[in-house]
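*Asks:* Structure: model.txt, compact mmCIF, C-alpha atoms and all ligand atoms.
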```
# COMPACT_ATOMS: atom_id res chain seq x y z
CA MET A 1 -72.18 140.48 1.62
CA LEU A 2 -73.24 139.35 -1.84
CA ASN A 3 -70.71 140.47 -4.44
CA ILE A 4 -72.80 141.28 -7.48
CA GLY A 5 -72.75 143.50 -10.53
CA CYS A 6 -73.84 143.51 -14.13
CA HIS A 7 -72.59 144.02 -17.63
CA LEU A 8 -72.00 147.72 -18.39
CA SER A 9 -71.23 149.59 -21.60
CA CYS A 10 -67.58 150.59 -21.80
CA THR A 11 -67.98 153.43 -24.31
CA LYS A 12 -67.63 156.21 -21.72
CA GLY A 13 -64.60 154.81 -19.93
CA PHE A 14 -63.76 153.23 -16.61
CA LEU A 15 -64.62 156.04 -14.23
CA HIS A 16 -68.05 156.28 -15.83
CA MET A 17 -68.60 152.53 -15.38
CA GLY A 18 -67.49 152.76 -11.76
CA LYS A 19 -69.99 155.53 -11.08
CA GLU A 20 -72.72 153.67 -12.93
CA ALA A 21 -72.05 150.53 -10.89
CA LEU A 22 -72.30 152.50 -7.67
CA SER A 23 -75.56 154.11 -8.78
CA ILE A 24 -77.22 150.69 -9.08
CA ASP A 25 -75.78 149.27 -5.83
CA ALA A 26 -73.37 146.99 -7.66
CA ASP A 27 -70.03 146.05 -6.08
CA THR A 28 -68.45 145.00 -9.33
CA PHE A 29 -69.16 144.99 -13.08
CA GLN A 30 -68.32 143.34 -16.36
CA PHE A 31 -67.46 145.17 -19.59
CA PHE A 32 -66.43 144.38 -23.15
CA THR A 33 -62.80 145.19 -23.82
CA ARG A 34 -63.85 146.72 -27.17
CA ASN A 35 -66.76 146.59 -29.57
CA PRO A 36 -68.23 143.13 -28.87
CA ARG A 37 -68.05 142.36 -32.56
CA GLY A 38 -64.30 142.66 -32.25
CA GLY A 39 -63.26 145.97 -33.77
CA LYS A 40 -60.25 148.05 -32.92
CA ALA A 41 -60.00 149.19 -29.31
CA LYS A 42 -59.71 152.86 -28.47
CA PRO A 43 -56.29 153.88 -27.15
CA LEU A 44 -56.11 153.43 -23.39
CA ASP A 45 -56.96 156.55 -21.40
CA LEU A 46 -54.50 156.22 -18.53
CA GLU A 47 -55.87 159.28 -16.77
CA ASP A 48 -59.37 157.80 -16.77
CA ILE A 49 -57.96 154.51 -15.45
CA ALA A 50 -56.07 156.26 -12.66
CA LYS A 51 -59.24 158.11 -11.64
CA TYR A 52 -61.22 154.88 -11.81
CA LEU A 53 -58.74 152.96 -9.64
CA GLU A 54 -58.93 155.68 -6.99
CA PHE A 55 -62.73 155.71 -7.20
CA ALA A 56 -62.91 151.91 -6.98
CA LYS A 57 -60.71 151.91 -3.90
CA ASN A 58 -62.79 154.57 -2.16
CA HIS A 59 -66.07 152.86 -2.95
CA GLU A 60 -64.98 149.27 -2.48
CA ILE A 61 -65.67 148.20 -6.02
CA LYS A 62 -64.34 144.67 -6.13
CA GLN A 63 -62.57 142.69 -8.80
CA ILE A 64 -64.03 143.55 -12.19
CA LEU A 65 -64.40 141.25 -15.18
CA ALA A 66 -63.35 142.06 -18.73
CA HIS A 67 -65.13 140.10 -21.47
CA ALA A 68 -63.44 139.40 -24.80
CA PRO A 69 -65.48 140.15 -27.94
CA TYR A 70 -67.79 137.18 -28.40
CA THR A 71 -67.09 136.90 -32.12
CA LEU A 72 -63.48 135.83 -31.59
CA ASN A 73 -62.91 132.20 -32.48
CA PRO A 74 -59.61 130.76 -31.28
CA CYS A 75 -60.45 127.46 -32.98
CA ALA A 76 -61.70 128.83 -36.30
CA LYS A 77 -60.94 126.87 -39.45
CA GLU A 78 -59.25 129.78 -41.18
CA GLU A 79 -55.82 130.71 -39.96
CA GLY A 80 -56.57 134.41 -40.44
CA LEU A 81 -59.52 134.25 -38.05
CA ARG A 82 -57.47 132.41 -35.45
CA GLY A 83 -54.73 134.99 -35.84
CA PHE A 84 -57.26 137.77 -35.29
CA ALA A 85 -58.50 136.09 -32.10
CA PHE A 86 -54.90 135.79 -30.95
CA THR A 87 -53.80 139.38 -31.57
CA THR A 88 -57.02 140.72 -30.07
CA MET A 89 -56.67 138.71 -26.87
CA GLN A 90 -52.98 139.52 -26.64
CA ASP A 91 -53.77 143.23 -26.99
CA ASP A 92 -56.57 142.93 -24.39
CA LEU A 93 -54.23 141.27 -21.90
CA ARG A 94 -51.54 143.90 -22.45
CA ARG A 95 -54.12 146.59 -21.76
CA LEU A 96 -55.44 144.81 -18.69
CA GLU A 97 -52.01 145.06 -17.08
CA HIS A 98 -53.13 148.62 -16.28
CA ILE A 99 -56.09 147.35 -14.26
CA PRO A 100 -54.66 145.22 -11.49
CA GLY A 101 -56.88 142.43 -10.24
CA ALA A 102 -59.29 142.42 -13.16
CA MET A 103 -60.04 139.03 -14.69
CA TYR A 104 -60.52 138.28 -18.40
CA ASN A 105 -63.31 136.03 -19.65
CA PHE A 106 -63.60 134.53 -23.13
CA HIS A 107 -65.70 132.04 -25.07
CA PRO A 108 -63.49 129.05 -25.94
CA GLY A 109 -64.71 129.02 -29.55
CA SER A 110 -66.61 126.96 -32.13
CA HIS A 111 -64.94 124.11 -33.97
CA VAL A 112 -67.07 124.77 -37.10
CA GLY A 113 -67.10 121.17 -38.26
CA GLN A 114 -63.49 120.33 -37.49
CA GLY A 115 -64.62 118.26 -34.51
CA GLU A 116 -64.28 118.74 -30.76
CA LYS A 117 -60.84 117.20 -30.64
CA GLU A 118 -59.34 119.57 -33.19
CA GLY A 119 -61.20 122.50 -31.62
CA ILE A 120 -59.77 121.75 -28.21
CA ARG A 121 -56.30 121.32 -29.69
CA LEU A 122 -56.46 124.72 -31.39
CA ILE A 123 -57.73 126.49 -28.24
CA THR A 124 -54.97 124.89 -26.20
CA GLU A 125 -52.37 125.96 -28.73
CA HIS A 126 -53.82 129.50 -28.72
CA LEU A 127 -53.56 129.74 -24.93
CA ASN A 128 -50.05 128.30 -24.80
CA ARG A 129 -48.92 130.88 -27.31
CA LEU A 130 -50.72 133.66 -25.45
CA PHE A 131 -49.00 132.78 -22.19
CA GLU A 132 -45.54 132.94 -23.78
CA GLU A 133 -45.80 136.56 -22.71
CA GLU A 134 -46.15 137.17 -19.00
CA PHE A 135 -49.51 138.58 -17.93
CA SER A 136 -50.77 139.00 -14.40
CA THR A 137 -54.46 138.69 -15.34
CA THR A 138 -56.35 135.45 -14.70
CA VAL A 139 -58.04 134.24 -17.88
CA LEU A 140 -61.43 132.58 -17.54
CA LEU A 141 -62.97 130.03 -19.88
CA GLU A 142 -66.73 130.51 -20.00
CA THR A 143 -68.99 127.46 -19.85
CA MET A 144 -71.07 127.42 -23.03
CA ALA A 145 -74.59 126.32 -23.99
CA GLY A 146 -73.41 124.10 -26.83
CA LYS A 147 -75.12 126.12 -29.54
CA GLY A 148 -73.87 125.07 -32.99
CA SER A 149 -70.36 123.69 -32.64
CA GLU A 150 -69.42 125.55 -29.47
CA ILE A 151 -66.63 124.07 -27.38
CA GLY A 152 -67.09 124.22 -23.62
CA ARG A 153 -70.55 122.66 -23.57
CA CYS A 154 -69.51 120.24 -20.85
CA PHE A 155 -67.07 120.29 -17.97
CA GLU A 156 -64.94 117.61 -19.64
CA GLU A 157 -64.19 119.86 -22.62
CA ILE A 158 -63.22 122.76 -20.37
CA GLN A 159 -60.95 120.48 -18.37
CA GLU A 160 -59.31 119.08 -21.50
CA ILE A 161 -58.38 122.61 -22.53
CA ILE A 162 -56.98 123.41 -19.09
CA GLU A 163 -54.93 120.22 -19.02
CA GLY A 164 -53.32 121.10 -22.34
CA VAL A 165 -52.11 124.50 -21.14
CA GLU A 166 -48.67 124.69 -19.64
CA HIS A 167 -49.33 127.81 -17.56
CA ARG A 168 -52.66 126.58 -16.31
CA GLU A 169 -52.15 128.55 -13.10
CA LYS A 170 -53.30 131.48 -15.26
CA LEU A 171 -56.65 129.83 -16.01
CA GLY A 172 -59.99 129.82 -14.27
CA VAL A 173 -63.60 129.17 -15.21
CA CYS A 174 -66.63 131.44 -15.34
CA MET A 175 -69.87 129.51 -14.98
CA ASP A 176 -72.78 131.02 -16.90
CA THR A 177 -76.00 129.73 -15.31
CA CYS A 178 -78.04 130.10 -18.52
CA HIS A 179 -75.36 128.31 -20.51
CA VAL A 180 -74.89 125.34 -18.17
CA PHE A 181 -78.66 124.92 -17.90
CA ASP A 182 -79.05 125.03 -21.68
CA ALA A 183 -76.12 122.60 -21.90
CA GLY A 184 -78.12 120.12 -19.81
CA TYR A 185 -76.84 120.59 -16.25
CA ASP A 186 -79.85 120.61 -13.94
CA ILE A 187 -79.01 123.47 -11.60
CA VAL A 188 -82.72 123.75 -10.75
CA ASN A 189 -83.28 120.30 -9.23
CA ASP A 190 -79.74 119.15 -8.54
CA LEU A 191 -77.41 122.09 -7.91
CA ASP A 192 -75.36 120.01 -5.45
CA GLY A 193 -74.91 117.25 -8.01
CA VAL A 194 -73.83 119.70 -10.72
CA LEU A 195 -71.29 121.36 -8.44
CA LYS A 196 -69.99 117.96 -7.34
CA GLU A 197 -69.49 117.06 -10.96
CA PHE A 198 -67.75 120.36 -11.61
CA ASP A 199 -65.49 119.68 -8.67
CA LYS A 200 -64.71 116.13 -9.77
CA ILE A 201 -63.93 117.05 -13.37
CA ILE A 202 -62.48 120.57 -13.22
CA GLY A 203 -62.06 121.32 -9.51
CA LEU A 204 -64.05 124.05 -7.78
CA LYS A 205 -60.85 125.96 -7.04
CA ARG A 206 -60.87 126.96 -10.73
CA LEU A 207 -64.31 128.52 -10.47
CA LYS A 208 -63.69 132.28 -10.24
CA ALA A 209 -66.93 133.94 -11.32
CA VAL A 210 -70.58 133.29 -12.12
CA HIS A 211 -72.67 134.86 -14.89
CA ILE A 212 -76.08 134.83 -13.28
CA ASN A 213 -78.75 134.70 -15.96
CA ASP A 214 -82.12 133.05 -16.27
CA SER A 215 -82.80 131.11 -19.48
CA MET A 216 -85.65 131.48 -21.98
CA ASN A 217 -85.26 127.84 -22.93
CA THR A 218 -85.50 124.45 -21.28
CA LEU A 219 -82.83 122.24 -19.77
CA GLY A 220 -80.55 120.85 -22.47
CA SER A 221 -81.97 123.06 -25.24
CA HIS A 222 -78.49 124.25 -26.36
CA LYS A 223 -79.99 127.64 -27.22
CA ASP A 224 -78.34 130.42 -25.15
CA ARG A 225 -81.06 133.04 -24.79
CA HIS A 226 -80.80 134.90 -21.50
CA ALA A 227 -83.91 135.88 -19.52
CA LYS A 228 -84.41 138.28 -16.64
CA ILE A 229 -83.97 136.84 -13.15
CA GLY A 230 -87.06 134.83 -12.25
CA GLU A 231 -88.65 135.21 -15.68
CA GLY A 232 -87.09 132.17 -17.34
CA LYS A 233 -87.00 128.40 -16.99
CA ILE A 234 -84.45 128.47 -14.18
CA GLY A 235 -86.58 130.62 -11.91
CA LEU A 236 -85.98 132.76 -8.85
CA LYS A 237 -85.87 129.91 -6.31
CA ALA A 238 -82.95 128.26 -8.08
CA MET A 239 -81.18 131.64 -8.39
CA VAL A 240 -81.53 132.20 -4.65
CA ARG A 241 -80.13 128.74 -3.94
CA MET A 242 -77.15 129.54 -6.17
CA ILE A 243 -76.18 132.86 -4.61
CA ASN A 244 -76.44 131.29 -1.16
CA HIS A 245 -74.75 127.96 -1.92
CA GLU A 246 -71.70 127.44 0.28
CA LYS A 247 -69.51 126.68 -2.74
CA LEU A 248 -70.63 129.76 -4.68
CA ARG A 249 -71.60 132.47 -2.20
CA GLU A 250 -68.18 134.11 -2.00
CA LEU A 251 -67.76 134.39 -5.77
CA PRO A 252 -68.51 137.51 -7.81
CA PHE A 253 -71.84 137.29 -9.68
CA TYR A 254 -72.42 139.19 -12.93
CA LEU A 255 -75.86 139.75 -14.43
CA GLU A 256 -76.10 139.55 -18.23
CA THR A 257 -79.86 139.68 -18.31
CA PRO A 258 -81.78 141.64 -20.97
CA ASN A 259 -81.96 144.90 -19.01
CA GLU A 260 -81.16 148.57 -18.97
CA LEU A 261 -79.57 150.07 -15.85
CA GLU A 262 -82.88 150.37 -14.03
CA GLY A 263 -83.72 146.70 -14.56
CA TYR A 264 -80.25 145.68 -13.39
CA HIS A 265 -80.69 147.81 -10.29
CA LYS A 266 -83.92 145.98 -9.42
CA GLU A 267 -82.29 142.57 -9.89
CA ILE A 268 -79.29 143.53 -7.78
CA LEU A 269 -81.51 144.75 -4.94
CA LEU A 270 -83.71 141.68 -5.22
CA LEU A 271 -80.82 139.23 -5.05
CA LYS A 272 -79.11 141.16 -2.26
CA SER A 273 -82.34 141.05 -0.24
CA LEU A 274 -82.45 137.26 -0.66
CA TYR A 275 -78.83 136.66 0.32
CA LYS A 276 -78.53 135.14 3.76
CA ALA A 277 -75.93 136.54 6.08
CA GLY A 278 -73.05 134.05 6.42
FE FE B 301 -69.97 135.45 -22.48
FE FE B 302 -72.11 134.73 -20.05
ZN ZN B 303 -75.02 133.67 -23.32
```
Spell out the structure here as structure tokens.

*Replies:*
Amino acid sequence: MLNIGCHLSCTKGFLHMGKEALSIDADTFQFFTRNPRGGKAKPLDLEDIAKYLEFAKNHEIKQILAHAPYTLNPCAKEEGLRGFAFTTMQDDLRRLEHIPGAMYNFHPGSHVGQGEKEGIRLITEHLNRLFEEEFSTTVLLETMAGKGSEIGRCFEEIQEIIEGVEHREKLGVCMDTCHVFDAGYDIVNDLDGVLKEFDKIIGLKRLKAVHINDSMNTLGSHKDRHAKIGEGKIGLKAMVRMINHEKLRELPFYLETPNELEGYHKEILLLKSLYKAG
């Protein structure tokens, strides 16, 4: 069965998200670990988490995905900003120890004029420091559109980061379909070729999740504006090929399309109806 969910608001806690996921026929979900702009996280509600874990077990909610605040920049120019990214991610990972099996996704960062090489060096350093503490959560690098000075706009950059990390067994990759398309990977006309390239450069064993989004912009636009499924330049046919592709079909898919719950529900039902039994 297709393993699919969407991004949910975390403000009402884990049990609430679990129930919301169930109400829209999702088997999983993604959430921000705190205010996406990167504020202070609320203290963990262990009772809510215990209730959620029981609920998830009873309703077969699969591996969920935590998303770091998108404003964090592990390769910022200012040391203070890098330090903030570090303490925030460290705190997130400590908290995630309470949610076994969850994965943690983050945007590698923007080099802000320091150059790709220095950006990659700083991200690598950040991850090596982070993994000095032992965490059980797998950390995912998200593929980026290459807007501004974003690192992670091509598979080579992602791989360079991974190679520089000592505990790379802790790392995986989350492929965002809007981002890779905007970065110039033609998943519409050559999905096989793109996945072959991913495999050659990074290795498909690292691919742990897919953000399934359509794109408002054209191939290689480096824009990063998500569209609803089938309403963007990627289109429904390509989406259907992706969810059914032999190399992708077992992965969890997360919608980050511009929707409220009702719209997510429709997209989940649509994609489930177009998933071919294995
Ligand atoms: Fe993201
Ligand atoms: Fe994404
Ligand atoms: Zn995006």

*Asks:* Give me the range 5-100 of chain A side of the contact with range 195-213 of chain A, cut-off 12 Å, one line per residue showing its nearest atom pair and distance in Å at one decimal, counting only C-alpha atoms, sorted by chain and residue number, as JSON lines.

*Replies:*
```
{"residue": "A:Gly5", "atom": "CA", "partner": "A:His211", "partner_atom": "CA", "distance": 9.7}
{"residue": "A:Cys6", "atom": "CA", "partner": "A:His211", "partner_atom": "CA", "distance": 8.8}
{"residue": "A:His7", "atom": "CA", "partner": "A:His211", "partner_atom": "CA", "distance": 9.6}
{"residue": "A:Thr28", "atom": "CA", "partner": "A:Ala209", "partner_atom": "CA", "distance": 11.3}
{"residue": "A:Phe29", "atom": "CA", "partner": "A:His211", "partner_atom": "CA", "distance": 10.9}
{"residue": "A:Gln30", "atom": "CA", "partner": "A:His211", "partner_atom": "CA", "distance": 9.6}
{"residue": "A:Gln63", "atom": "CA", "partner": "A:Ala209", "partner_atom": "CA", "distance": 10.1}
{"residue": "A:Ile64", "atom": "CA", "partner": "A:Ala209", "partner_atom": "CA", "distance": 10.1}
{"residue": "A:Leu65", "atom": "CA", "partner": "A:Ala209", "partner_atom": "CA", "distance": 8.6}
{"residue": "A:Ala66", "atom": "CA", "partner": "A:Ala209", "partner_atom": "CA", "distance": 11.6}
{"residue": "A:His67", "atom": "CA", "partner": "A:His211", "partner_atom": "CA", "distance": 11.3}
```

*Asks:* Hey, which of A:Val165, A:Ile120, A:Ile24, A:Val240 ends up closest to Val188 in chain A? Count all atoms listed in the file.

*Replies:*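 Looking only at the distances to Val188 in chain A, the closest residue turns out to be A:Val240.
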
*Asks:* Give me the residues near range 250-252 of chain A as a list in words, where near means some atom within 6 Å (using only C-alpha atoms) and where sequence neighbours in that chain fewer than 2 positions away do not count.

*Replies:*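 Listed by chain and then number, they are Asn3, Ile4, Ala209 and Leu248 of chain A.
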
*Asks:* How would you report the residues lying within 12 Å of ligand FE 301 (chain B), as a PyMOL selection string, if you count all atoms listed in the file?

*Replies:* chain A and resi 7+30-32+36+65-72+104-109+140-145+152+173-179+209-213+224-226+254-257

*Asks:* What is the CA of Phe131 in chain A to CA of Gly164 in chain A distance in Å?

*Replies:*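 Atom-to-atom, CA of Phe131 in chain A and CA of Gly164 in chain A are spaced 12.5 Å apart.
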
*Asks:* Applying 7 Å and all atoms listed in the file, which residues near Phe86 in chain A remain after dropping the ones on its own chain fewer than 3 positions away? List them as number ranges by chain.

*Replies:* A: 74, 82-83, 89-90, 126

*Asks:* Can you write just those residues out, C-alpha atoms, as a compact mmCIF listing (two decimals), in the coordinates of the input?

*Replies:*
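Listing of part.txt after writing:
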```txt
# COMPACT_ATOMS: atom_id res chain seq x y z
CA PRO A 74 -59.61 130.76 -31.28
CA ARG A 82 -57.47 132.41 -35.45
CA GLY A 83 -54.73 134.99 -35.84
CA MET A 89 -56.67 138.71 -26.87
CA GLN A 90 -52.98 139.52 -26.64
CA HIS A 126 -53.82 129.50 -28.72
```

*Asks:* I'd like the contact shell of Ala56 in chain A - 9 Å cut-off, all atoms listed in the file, skipping same-chain residues fewer than 5 positions apart - returned as a PDB file with C-alpha atoms, keeping the file's coordinate frame.

*Replies:*
```pdb
ATOM      1  CA  LEU A  15     -64.620 156.040 -14.230  1.00  0.00           C
ATOM      2  CA  GLY A  18     -67.490 152.760 -11.760  1.00  0.00           C
ATOM      3  CA  LYS A  19     -69.990 155.530 -11.080  1.00  0.00           C
ATOM      4  CA  LYS A  51     -59.240 158.110 -11.640  1.00  0.00           C
ATOM      5  CA  ILE A  61     -65.670 148.200  -6.020  1.00  0.00           C
ATOM      6  CA  LYS A  62     -64.340 144.670  -6.130  1.00  0.00           C
TER       7      LYS A  62
END
```

*Asks:* Find the residues near Cys154 in chain A: any atom within 9 Å, counting all atoms listed in the file, skip ones fewer than 4 places away on the same chain, and give them as a ChimeraX atom specification.

*Replies:* /A:143-146,158-159,180,183-185

*Asks:* Determine the nearest neighbour of ligand ZN 303 (chain B) from the options A:Leu219, A:Lys147, A:Leu171, A:Phe155, counting all atoms listed in the file.

*Replies:*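 Smallest distance to ligand ZN 303 (chain B) is found for A:Lys147.
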
*Asks:* Env of Asn189 in chain A: 12 Å cut, atoms = only C-alpha atoms, seq-sep filter 3 positions within chain, self excluded. Answer as a list in words.

*Replies:* Phe181, Gly184, Tyr185, Asp186, Asp192, Gly193, Val194, Leu219, Lys233, Ile234, Gly235, Lys237, Ala238, Met239, Arg241 and Met242 of chain A

*Asks:* May I have the residues from that selection written out with C-alpha atoms, as a PDB file, in the coordinates of the input?

*Replies:*
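Written file, part.pdb:
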```
ATOM      1  CA  PHE A 181     -78.660 124.920 -17.900  1.00  0.00           C
ATOM      2  CA  GLY A 184     -78.120 120.120 -19.810  1.00  0.00           C
ATOM      3  CA  TYR A 185     -76.840 120.590 -16.250  1.00  0.00           C
ATOM      4  CA  ASP A 186     -79.850 120.610 -13.940  1.00  0.00           C
ATOM      5  CA  ASP A 192     -75.360 120.010  -5.450  1.00  0.00           C
ATOM      6  CA  GLY A 193     -74.910 117.250  -8.010  1.00  0.00           C
ATOM      7  CA  VAL A 194     -73.830 119.700 -10.720  1.00  0.00           C
ATOM      8  CA  LEU A 219     -82.830 122.240 -19.770  1.00  0.00           C
ATOM      9  CA  LYS A 233     -87.000 128.400 -16.990  1.00  0.00           C
ATOM     10  CA  ILE A 234     -84.450 128.470 -14.180  1.00  0.00           C
ATOM     11  CA  GLY A 235     -86.580 130.620 -11.910  1.00  0.00           C
ATOM     12  CA  LYS A 237     -85.870 129.910  -6.310  1.00  0.00           C
ATOM     13  CA  ALA A 238     -82.950 128.260  -8.080  1.00  0.00           C
ATOM     14  CA  MET A 239     -81.180 131.640  -8.390  1.00  0.00           C
ATOM     15  CA  ARG A 241     -80.130 128.740  -3.940  1.00  0.00           C
ATOM     16  CA  MET A 242     -77.150 129.540  -6.170  1.00  0.00           C
TER      17      MET A 242
END
```

*Asks:* Return the single residue from A:Ile162, A:Leu53, A:Ala41, A:Val139 that is closest to Arg121 in chain A, with distances computed using all atoms listed in the file.

*Replies:*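 Counting all atoms listed in the file, the residue closest to Arg121 in chain A is A:Ile162.
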
*Asks:* Set up a box along x, y and z of the file covering all listed atoms of range 3-14 of chain A, add 6 Å on every one of the six sides, and write the centre and edge lengths in Å to one decimal, as JSON.

*Replies:*
```
{"center_x": -68.8, "center_y": 148.3, "center_z": -14.4, "size_x": 22.1, "size_y": 27.7, "size_z": 31.9}
```

*Asks:* Using only C-alpha atoms for the distances, tell me which of A:Asp25, A:Glu20, A:Glu160, A:Glu116 is nearest to Ile268 in chain A.

*Replies:*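 Of all the options, A:Asp25 lies closest to Ile268 in chain A.
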
*Asks:* Kindly indicate which residue among A:Met17, A:Ala277, A:Leu96, A:Leu271 lies nearest to Ser136 in chain A, using only C-alpha atoms for the distances.

*Replies:*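 Closest residue, counting only C-alpha atoms: A:Leu96.
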
*Asks:* So how far away is CA of Thr137 in chain A from CA of Leu93 in chain A, in Å?

*Replies:* 7.1 Å

*Asks:* Tell me which of A:Leu44, A:Ala102, A:Ile151, A:Cys75 sits closest to Ile123 in chain A, counting only C-alpha atoms.

*Replies:*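 Closest to Ile123 in chain A, using only C-alpha atoms: A:Cys75.
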
*Asks:* Report the distance between CA of Asn244 in chain A and CA of Asp190 in chain A in Å, rounded to one decimal place.

*Replies:*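 One can read the CA of Asn244 in chain A to CA of Asp190 in chain A distance as 14.6 Å.
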
*Asks:* Complete range 230-243 of chain A with N, CA, C and O atoms (output as a short mmCIF file (atom, residue, chain, number, x, y, z; two decimals), in the coordinates of the input).

*Replies:*
```cif
data_model
loop_
_atom_site.label_atom_id
_atom_site.label_comp_id
_atom_site.auth_asym_id
_atom_site.auth_seq_id
_atom_site.Cartn_x
_atom_site.Cartn_y
_atom_site.Cartn_z
N GLY A 230 -85.73 135.25 -12.67
CA GLY A 230 -87.06 134.83 -12.25
C GLY A 230 -88.07 134.78 -13.38
O GLY A 230 -89.21 134.36 -13.19
N GLU A 231 -87.69 135.19 -14.57
CA GLU A 231 -88.65 135.21 -15.68
C GLU A 231 -88.37 134.11 -16.70
O GLU A 231 -88.98 134.07 -17.76
N GLY A 232 -87.42 133.23 -16.39
CA GLY A 232 -87.09 132.17 -17.34
C GLY A 232 -87.35 130.80 -16.76
O GLY A 232 -88.05 130.65 -15.76
N LYS A 233 -86.76 129.80 -17.38
CA LYS A 233 -87.00 128.40 -16.99
C LYS A 233 -86.17 127.99 -15.77
O LYS A 233 -86.38 126.92 -15.22
N ILE A 234 -85.21 128.81 -15.38
CA ILE A 234 -84.45 128.47 -14.18
C ILE A 234 -85.24 128.93 -12.95
O ILE A 234 -85.44 128.17 -12.01
N GLY A 235 -85.69 130.15 -12.97
CA GLY A 235 -86.58 130.62 -11.91
C GLY A 235 -85.84 131.20 -10.71
O GLY A 235 -84.67 130.92 -10.47
N LEU A 236 -86.57 132.03 -9.97
CA LEU A 236 -85.98 132.76 -8.85
C LEU A 236 -85.48 131.84 -7.74
O LEU A 236 -84.41 132.07 -7.18
N LYS A 237 -86.26 130.79 -7.42
CA LYS A 237 -85.87 129.91 -6.31
C LYS A 237 -84.48 129.32 -6.54
O LYS A 237 -83.64 129.27 -5.63
N ALA A 238 -84.25 128.87 -7.75
CA ALA A 238 -82.95 128.26 -8.08
C ALA A 238 -81.85 129.32 -8.03
O ALA A 238 -80.72 129.05 -7.59
N MET A 239 -82.16 130.54 -8.44
CA MET A 239 -81.18 131.64 -8.39
C MET A 239 -80.78 131.91 -6.94
O MET A 239 -79.61 132.13 -6.63
N VAL A 240 -81.78 131.91 -6.07
CA VAL A 240 -81.53 132.20 -4.65
C VAL A 240 -80.69 131.08 -4.04
O VAL A 240 -79.78 131.34 -3.25
N ARG A 241 -80.96 129.85 -4.44
CA ARG A 241 -80.13 128.74 -3.94
C ARG A 241 -78.68 128.92 -4.42
O ARG A 241 -77.74 128.63 -3.69
N MET A 242 -78.52 129.39 -5.65
CA MET A 242 -77.15 129.54 -6.17
C MET A 242 -76.36 130.61 -5.44
O MET A 242 -75.23 130.39 -5.04
N ILE A 243 -76.95 131.79 -5.27
CA ILE A 243 -76.18 132.86 -4.61
C ILE A 243 -75.85 132.52 -3.16
O ILE A 243 -74.88 133.02 -2.62
#
```
